[in-house]
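Working notes for the structure below.
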Amino acid sequence: MASRWGFALSSEEHRPSDLVRYAKRAEEIGFAFVGVSDHFHPWTNSQGQSPFVWAVLGAIAEATERIDVVTGVTCPTIRTHPAIIAQAAATTAAMMPGRFSLGVGSGEALNEHILGDRWPPADVRLEMLDEAIEVIRLLWQGGTQSHEGKHYRVEDARIYTLPDEPPPIIVAASGEKAAQVAARRGDGFMNTAPDAETIKAWEQAGGSGPKYGQITVCWASDTDTAKQQAYAIWPNAAITGQLSQDLPTPTHFEQASEMVDEDAVAEKVVCGPDAGPYVEMIAKYRDAGYDHLYLHQVGPDQEGFFRFWQDTLASRV
């Protein structure tokens with residue numbers, strides 16, 4: 001069995017106060033953690049939201065008492081300088097001692113192009129992520145710090161508000177090169193697919209710690225409604241590979257989504273009221289090696305999914 005169960009807070013779909021409410025409900029019904037996405041844009045205009053995650057995290061810290069929180073994931077390389085992420089994460093960790101982990105990744109053009117910066121190729125993005133984590137850990141040491149690297153410069157910077165212990169850094173990875181960065185720099189692993197090969201590469205490179213896997217689902221009272229809702233709100237599930245990293249706007253994702261249909265999305269998103277398909281998908285993630293699984297319910301009926309989890313699914317997994 002997975003050691004821990006979590007619930008995904010989709011910043012792309014929900015207003016900030018609702019995200020805080022869902023975090024509190026997840027704690028009330030026994031989830032061990034929540035993962036919250038960090039975007040500037042939603043994937044598609046139909047998703048409709050994208051609040052500033054660090055403000056939301058402050059509110060979650062105040063509204064909850066026990067549940068752990070991880071960003072899934074923050075990109076600390078282009079849109080936001082790693083020194084600023086270091087300060088934001090340190091403040092968040094100080095507000096929820098022992099409960100916060102910083103999930104990081106190499107990002108998507110969707111969020112990172114907004115200031116007119118060049119969107120670099122994948123190898124360069126991984127190089128930037130590697131150095132960004134180095135900068136973050138340097139600043140978490142306390143005291144006045146400077147850094148002169150290939151991609152980042154920090155001059156006489158000191159983070160005064162630090163947690164008692166620095167938060168773990170969970171690194172998202174897809175593919176062998178990313179797995180090596182995650183193993184070298186991170187305290188854990190994260191991905192959104194049942195990708196056993198990348199986990200194996202991460203472990204062979206020396207990676208250790210929790211392995212977070214996000215599973216996207218769409219519970220509804222009947223399967224057809226769930227499939228329609230998943231396609232209307234989360235068609236990007238069927239847009240994979242380099243395209244999902246390079247498209248720059250929600251409109252571009254909507255145009256790409258016209259090339260897929262409900263069935264293609266339903267292959268990626270578990271849909272409907274029956275527990276069986278959920279159990280099967282969860283088994284794929286477990287078999288791949290994940291031990292921290294968190295469930296992303298697509299659409300507005302978060303309470304419906306909470307009831308489904310409590311009444312049906314939790315006892316099956």
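Ordering of the structure tokens sets the chain letters (A, B, ...); residue numbers start at 1 within each chain; ligands are numbered from 1 in the order shown.
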
Original post:
When DSSP works through the backbone of this structure, what residues of range 86-250 of chain A end up as strand (DSSP E), shown as number ranges by chain?
Top reply: A: 100-104, 145-148, 153-157, 169-172, 188-191, 211-218

Could you turn the residues from that selection into a file that holds N, CA, C and O atoms, as a CSV table (one decimal), in the first residue's frame?
chain,number,residue,atom,x,y,z
A,100,PHE,N,5.8,21.6,5.5
A,100,PHE,CA,5.9,22.1,4.1
A,100,PHE,C,7.1,21.5,3.4
A,100,PHE,O,8.2,21.3,4.0
A,101,SER,N,6.9,21.1,2.2
A,101,SER,CA,8.0,20.7,1.3
A,101,SER,C,7.9,21.5,0.0
A,101,SER,O,6.8,21.8,-0.5
A,102,LEU,N,9.1,21.9,-0.5
A,102,LEU,CA,9.1,22.7,-1.7
A,102,LEU,C,9.3,21.7,-2.9
A,102,LEU,O,10.4,21.1,-3.1
A,103,GLY,N,8.3,21.5,-3.7
A,103,GLY,CA,8.4,20.8,-4.9
A,103,GLY,C,8.8,21.7,-6.1
A,103,GLY,O,8.2,22.8,-6.3
A,104,VAL,N,9.8,21.3,-6.8
A,104,VAL,CA,10.4,22.2,-7.9
A,104,VAL,C,10.5,21.3,-9.2
A,104,VAL,O,10.6,20.1,-9.2
A,145,GLN,N,25.1,35.7,2.0
A,145,GLN,CA,25.6,34.8,1.0
A,145,GLN,C,25.7,35.5,-0.3
A,145,GLN,O,24.9,36.4,-0.6
A,146,SER,N,26.6,35.0,-1.1
A,146,SER,CA,26.8,35.4,-2.5
A,146,SER,C,27.0,34.2,-3.4
A,146,SER,O,27.5,33.2,-2.9
A,147,HIS,N,26.6,34.4,-4.6
A,147,HIS,CA,26.7,33.3,-5.6
A,147,HIS,C,26.9,33.9,-7.0
A,147,HIS,O,26.3,34.8,-7.4
A,148,GLU,N,27.9,33.4,-7.7
A,148,GLU,CA,28.2,33.8,-9.0
A,148,GLU,C,28.2,32.5,-9.9
A,148,GLU,O,29.2,31.8,-9.9
A,153,ARG,N,23.0,35.1,-10.2
A,153,ARG,CA,24.0,35.9,-9.4
A,153,ARG,C,23.2,36.3,-8.1
A,153,ARG,O,22.0,36.8,-8.2
A,154,VAL,N,23.8,36.2,-7.0
A,154,VAL,CA,23.3,36.7,-5.7
A,154,VAL,C,24.4,37.4,-5.0
A,154,VAL,O,25.5,37.0,-4.9
A,155,GLU,N,24.1,38.6,-4.6
A,155,GLU,CA,25.1,39.5,-4.0
A,155,GLU,C,24.6,39.9,-2.5
A,155,GLU,O,23.6,40.5,-2.4
A,156,ASP,N,25.4,39.4,-1.6
A,156,ASP,CA,25.2,39.8,-0.2
A,156,ASP,C,23.8,39.7,0.3
A,156,ASP,O,23.2,40.7,0.8
A,157,ALA,N,23.2,38.6,0.0
A,157,ALA,CA,21.8,38.3,0.4
A,157,ALA,C,21.7,37.5,1.6
A,157,ALA,O,22.4,36.5,1.8
A,169,ILE,N,13.3,19.4,-0.4
A,169,ILE,CA,13.1,19.8,-1.8
A,169,ILE,C,12.8,18.6,-2.6
A,169,ILE,O,13.6,17.7,-2.6
A,170,ILE,N,11.6,18.6,-3.1
A,170,ILE,CA,11.1,17.4,-3.9
A,170,ILE,C,11.2,17.8,-5.4
A,170,ILE,O,10.7,18.9,-5.8
A,171,VAL,N,12.0,17.1,-6.2
A,171,VAL,CA,12.3,17.5,-7.6
A,171,VAL,C,11.5,16.6,-8.6
A,171,VAL,O,11.5,15.4,-8.5
A,172,ALA,N,10.7,17.3,-9.4
A,172,ALA,CA,9.9,16.6,-10.5
A,172,ALA,C,10.9,16.2,-11.6
A,172,ALA,O,11.8,17.0,-12.0
A,188,GLY,N,13.6,14.1,-2.6
A,188,GLY,CA,12.5,13.3,-3.0
A,188,GLY,C,12.2,13.4,-4.5
A,188,GLY,O,12.8,14.3,-5.2
A,189,PHE,N,11.2,12.7,-5.0
A,189,PHE,CA,10.9,12.6,-6.4
A,189,PHE,C,9.4,12.9,-6.6
A,189,PHE,O,8.6,12.6,-5.8
A,190,MET,N,9.1,13.5,-7.8
A,190,MET,CA,7.7,13.8,-8.1
A,190,MET,C,7.5,13.6,-9.6
A,190,MET,O,8.4,14.0,-10.4
A,191,ASN,N,6.3,13.1,-10.0
A,191,ASN,CA,5.9,13.0,-11.4
A,191,ASN,C,4.4,12.8,-11.4
A,191,ASN,O,3.8,12.6,-10.4
A,211,LYS,N,8.4,9.5,-2.9
A,211,LYS,CA,8.1,9.5,-4.3
A,211,LYS,C,6.7,9.9,-4.5
A,211,LYS,O,5.8,9.1,-4.2
A,212,TYR,N,6.5,11.1,-4.9
A,212,TYR,CA,5.1,11.7,-5.1
A,212,TYR,C,4.6,11.4,-6.5
A,212,TYR,O,5.3,11.8,-7.5
A,213,GLY,N,3.4,10.9,-6.6
A,213,GLY,CA,2.7,10.7,-7.9
A,213,GLY,C,1.4,11.3,-7.9
A,213,GLY,O,0.5,11.0,-7.0
A,214,GLN,N,1.1,12.2,-8.8
A,214,GLN,CA,-0.2,12.8,-8.9
A,214,GLN,C,-1.1,12.0,-9.9
A,214,GLN,O,-0.6,11.8,-11.0
A,215,ILE,N,-2.3,11.7,-9.5
A,215,ILE,CA,-3.2,11.0,-10.3
A,215,ILE,C,-4.4,11.9,-10.6
A,215,ILE,O,-5.1,12.3,-9.6
A,216,THR,N,-4.7,12.2,-11.9
A,216,THR,CA,-5.8,13.0,-12.2
A,216,THR,C,-7.1,12.2,-12.4
A,216,THR,O,-7.0,11.2,-13.2
A,217,VAL,N,-8.2,12.5,-11.8
A,217,VAL,CA,-9.4,11.8,-11.9
A,217,VAL,C,-10.6,12.8,-12.1
A,217,VAL,O,-10.4,14.0,-11.9
A,218,CYS,N,-11.7,12.2,-12.5
A,218,CYS,CA,-12.9,13.0,-12.6
A,218,CYS,C,-14.1,12.2,-12.1
A,218,CYS,O,-14.7,11.4,-12.9

Rows by chain and residue number, range 173-200 of chain A within 12 Å of range 267-280 of chain A, shortest pair, only C-alpha atoms, as a tab-separated table:
residue	atom	partner	partner_atom	distance
A:Thr192	CA	A:Lys268	CA	10.3
A:Ala193	CA	A:Lys268	CA	9.0
A:Pro194	CA	A:Lys268	CA	10.7

Next, write the just-selected residues to a file, as a tab-separated table (two decimals), in the first residue's frame, keeping N, CA and C atoms as the atom set.
chain	number	residue	atom	x	y	z
A	192	THR	N	3.87	12.95	-12.65
A	192	THR	CA	2.42	12.84	-12.83
A	192	THR	C	2.05	11.64	-13.69
A	193	ALA	N	2.97	10.71	-13.89
A	193	ALA	CA	2.71	9.52	-14.69
A	193	ALA	C	3.29	8.30	-13.99
A	194	PRO	N	2.72	7.12	-14.21
A	194	PRO	CA	3.26	5.90	-13.60
A	194	PRO	C	4.53	5.44	-14.32

**OP:** Pick out the closest residue to Ala232 in chain A from this set: A:Ala26, A:Ile136, A:Leu295, A:Ala266. Count only C-alpha atoms.
**Re:** A:Ala266

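Contact shell of Glu13 in chain A at 6 Å (only C-alpha atoms; same-chain neighbours under 3 positions omitted): Ser10, Gln47, Gly48 and Gln49 of chain A.
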
**OP:** Tell me, as a list in words, which residues lie within 8 Å of Ile159 in chain A, counting only C-alpha atoms; anything in the same chain fewer than 4 positions away does not count.
**Re:** Gln87, Leu139, Trp140, Gly142, Gly143 and Thr144 of chain A

Pull all heavy atoms from the residues just selected and write them as a PDB file, in the first residue's frame.
ATOM      1  N   GLN A  87      13.279  32.662  -0.274  1.00  0.00           N
ATOM      2  CA  GLN A  87      12.642  33.451   0.781  1.00  0.00           C
ATOM      3  C   GLN A  87      11.190  33.041   0.964  1.00  0.00           C
ATOM      4  O   GLN A  87      10.713  32.870   2.101  1.00  0.00           O
ATOM      5  CB  GLN A  87      12.724  34.940   0.456  1.00  0.00           C
ATOM      6  CG  GLN A  87      12.163  35.818   1.570  1.00  0.00           C
ATOM      7  CD  GLN A  87      12.070  37.278   1.160  1.00  0.00           C
ATOM      8  OE1 GLN A  87      11.908  37.583  -0.023  1.00  0.00           O
ATOM      9  NE2 GLN A  87      12.171  38.179   2.120  1.00  0.00           N
ATOM     10  N   LEU A 139      21.106  29.913   0.445  1.00  0.00           N
ATOM     11  CA  LEU A 139      20.444  30.956   1.218  1.00  0.00           C
ATOM     12  C   LEU A 139      19.782  30.409   2.471  1.00  0.00           C
ATOM     13  O   LEU A 139      19.677  31.109   3.485  1.00  0.00           O
ATOM     14  CB  LEU A 139      19.434  31.682   0.340  1.00  0.00           C
ATOM     15  CG  LEU A 139      20.053  32.561  -0.742  1.00  0.00           C
ATOM     16  CD1 LEU A 139      19.002  33.048  -1.723  1.00  0.00           C
ATOM     17  CD2 LEU A 139      20.781  33.751  -0.119  1.00  0.00           C
ATOM     18  N   TRP A 140      19.353  29.165   2.438  1.00  0.00           N
ATOM     19  CA  TRP A 140      18.754  28.546   3.620  1.00  0.00           C
ATOM     20  C   TRP A 140      19.780  28.257   4.705  1.00  0.00           C
ATOM     21  O   TRP A 140      19.411  27.955   5.848  1.00  0.00           O
ATOM     22  CB  TRP A 140      18.040  27.260   3.243  1.00  0.00           C
ATOM     23  CG  TRP A 140      16.722  27.480   2.553  1.00  0.00           C
ATOM     24  CD1 TRP A 140      16.047  28.653   2.394  1.00  0.00           C
ATOM     25  CD2 TRP A 140      15.912  26.470   1.922  1.00  0.00           C
ATOM     26  NE1 TRP A 140      14.874  28.449   1.704  1.00  0.00           N
ATOM     27  CE2 TRP A 140      14.763  27.116   1.412  1.00  0.00           C
ATOM     28  CE3 TRP A 140      16.049  25.093   1.751  1.00  0.00           C
ATOM     29  CZ2 TRP A 140      13.757  26.418   0.740  1.00  0.00           C
ATOM     30  CZ3 TRP A 140      15.059  24.399   1.083  1.00  0.00           C
ATOM     31  CH2 TRP A 140      13.925  25.046   0.590  1.00  0.00           C
ATOM     32  N   GLY A 142      21.489  30.435   6.041  1.00  0.00           N
ATOM     33  CA  GLY A 142      21.528  31.618   6.884  1.00  0.00           C
ATOM     34  C   GLY A 142      22.789  32.425   6.655  1.00  0.00           C
ATOM     35  O   GLY A 142      23.708  32.015   5.936  1.00  0.00           O
ATOM     36  N   GLY A 143      22.829  33.595   7.255  1.00  0.00           N
ATOM     37  CA  GLY A 143      23.963  34.478   7.075  1.00  0.00           C
ATOM     38  C   GLY A 143      23.944  35.149   5.712  1.00  0.00           C
ATOM     39  O   GLY A 143      23.070  34.902   4.876  1.00  0.00           O
ATOM     40  N   THR A 144      24.911  36.003   5.483  1.00  0.00           N
ATOM     41  CA  THR A 144      25.013  36.717   4.217  1.00  0.00           C
ATOM     42  C   THR A 144      25.716  35.839   3.194  1.00  0.00           C
ATOM     43  O   THR A 144      26.802  35.313   3.436  1.00  0.00           O
ATOM     44  CB  THR A 144      25.792  38.031   4.413  1.00  0.00           C
ATOM     45  OG1 THR A 144      25.109  38.838   5.377  1.00  0.00           O
ATOM     46  CG2 THR A 144      25.876  38.798   3.095  1.00  0.00           C
TER      47      THR A 144
END

**OP:** Could you pull out the residues in range 24-100 of chain A that DSSP calls helix (DSSP H, G or I) from the backbone, as a PyMOL selection string?
**Re:** chain A and resi 24-28+53-63+82-95

Selected residues written out with C-alpha atoms, as an mmCIF file, in the first residue's frame:
data_model
loop_
_atom_site.group_PDB
_atom_site.id
_atom_site.type_symbol
_atom_site.label_atom_id
_atom_site.label_comp_id
_atom_site.auth_asym_id
_atom_site.auth_seq_id
_atom_site.Cartn_x
_atom_site.Cartn_y
_atom_site.Cartn_z
ATOM 1 C CA LYS A 24 -9.042 22.231 5.371
ATOM 2 C CA ARG A 25 -11.570 19.622 4.217
ATOM 3 C CA ALA A 26 -8.752 17.302 3.114
ATOM 4 C CA GLU A 27 -7.299 17.550 6.602
ATOM 5 C CA GLU A 28 -10.696 16.926 8.208
ATOM 6 C CA VAL A 53 0.411 30.238 -4.760
ATOM 7 C CA TRP A 54 2.481 31.851 -1.996
ATOM 8 C CA ALA A 55 -0.476 33.895 -0.772
ATOM 9 C CA VAL A 56 -2.623 30.768 -0.813
ATOM 10 C CA LEU A 57 0.012 28.849 1.152
ATOM 11 C CA GLY A 58 0.002 31.488 3.874
ATOM 12 C CA ALA A 59 -3.752 31.124 4.229
ATOM 13 C CA ILE A 60 -3.496 27.311 4.277
ATOM 14 C CA ALA A 61 -0.921 27.559 7.055
ATOM 15 C CA GLU A 62 -3.415 29.503 9.162
ATOM 16 C CA ALA A 63 -6.458 27.365 8.283
ATOM 17 C CA PRO A 82 15.591 31.259 -7.029
ATOM 18 C CA ALA A 83 16.556 33.738 -4.292
ATOM 19 C CA ILE A 84 12.934 34.899 -4.136
ATOM 20 C CA ILE A 85 11.697 31.303 -4.085
ATOM 21 C CA ALA A 86 14.145 30.613 -1.249
ATOM 22 C CA GLN A 87 12.642 33.451 0.781
ATOM 23 C CA ALA A 88 9.039 32.496 -0.041
ATOM 24 C CA ALA A 89 9.581 28.843 0.849
ATOM 25 C CA ALA A 90 11.437 29.718 4.044
ATOM 26 C CA THR A 91 8.565 31.932 5.165
ATOM 27 C CA THR A 92 6.014 29.242 4.331
ATOM 28 C CA ALA A 93 7.987 26.594 6.205
ATOM 29 C CA ALA A 94 8.260 28.910 9.214
ATOM 30 C CA MET A 95 4.452 29.261 9.220
#

Original post:
What is the distance, in Å and to one decimal place, between CA of Arg125 in chain A and CA of His39 in chain A?
Top reply: 17.0 Å
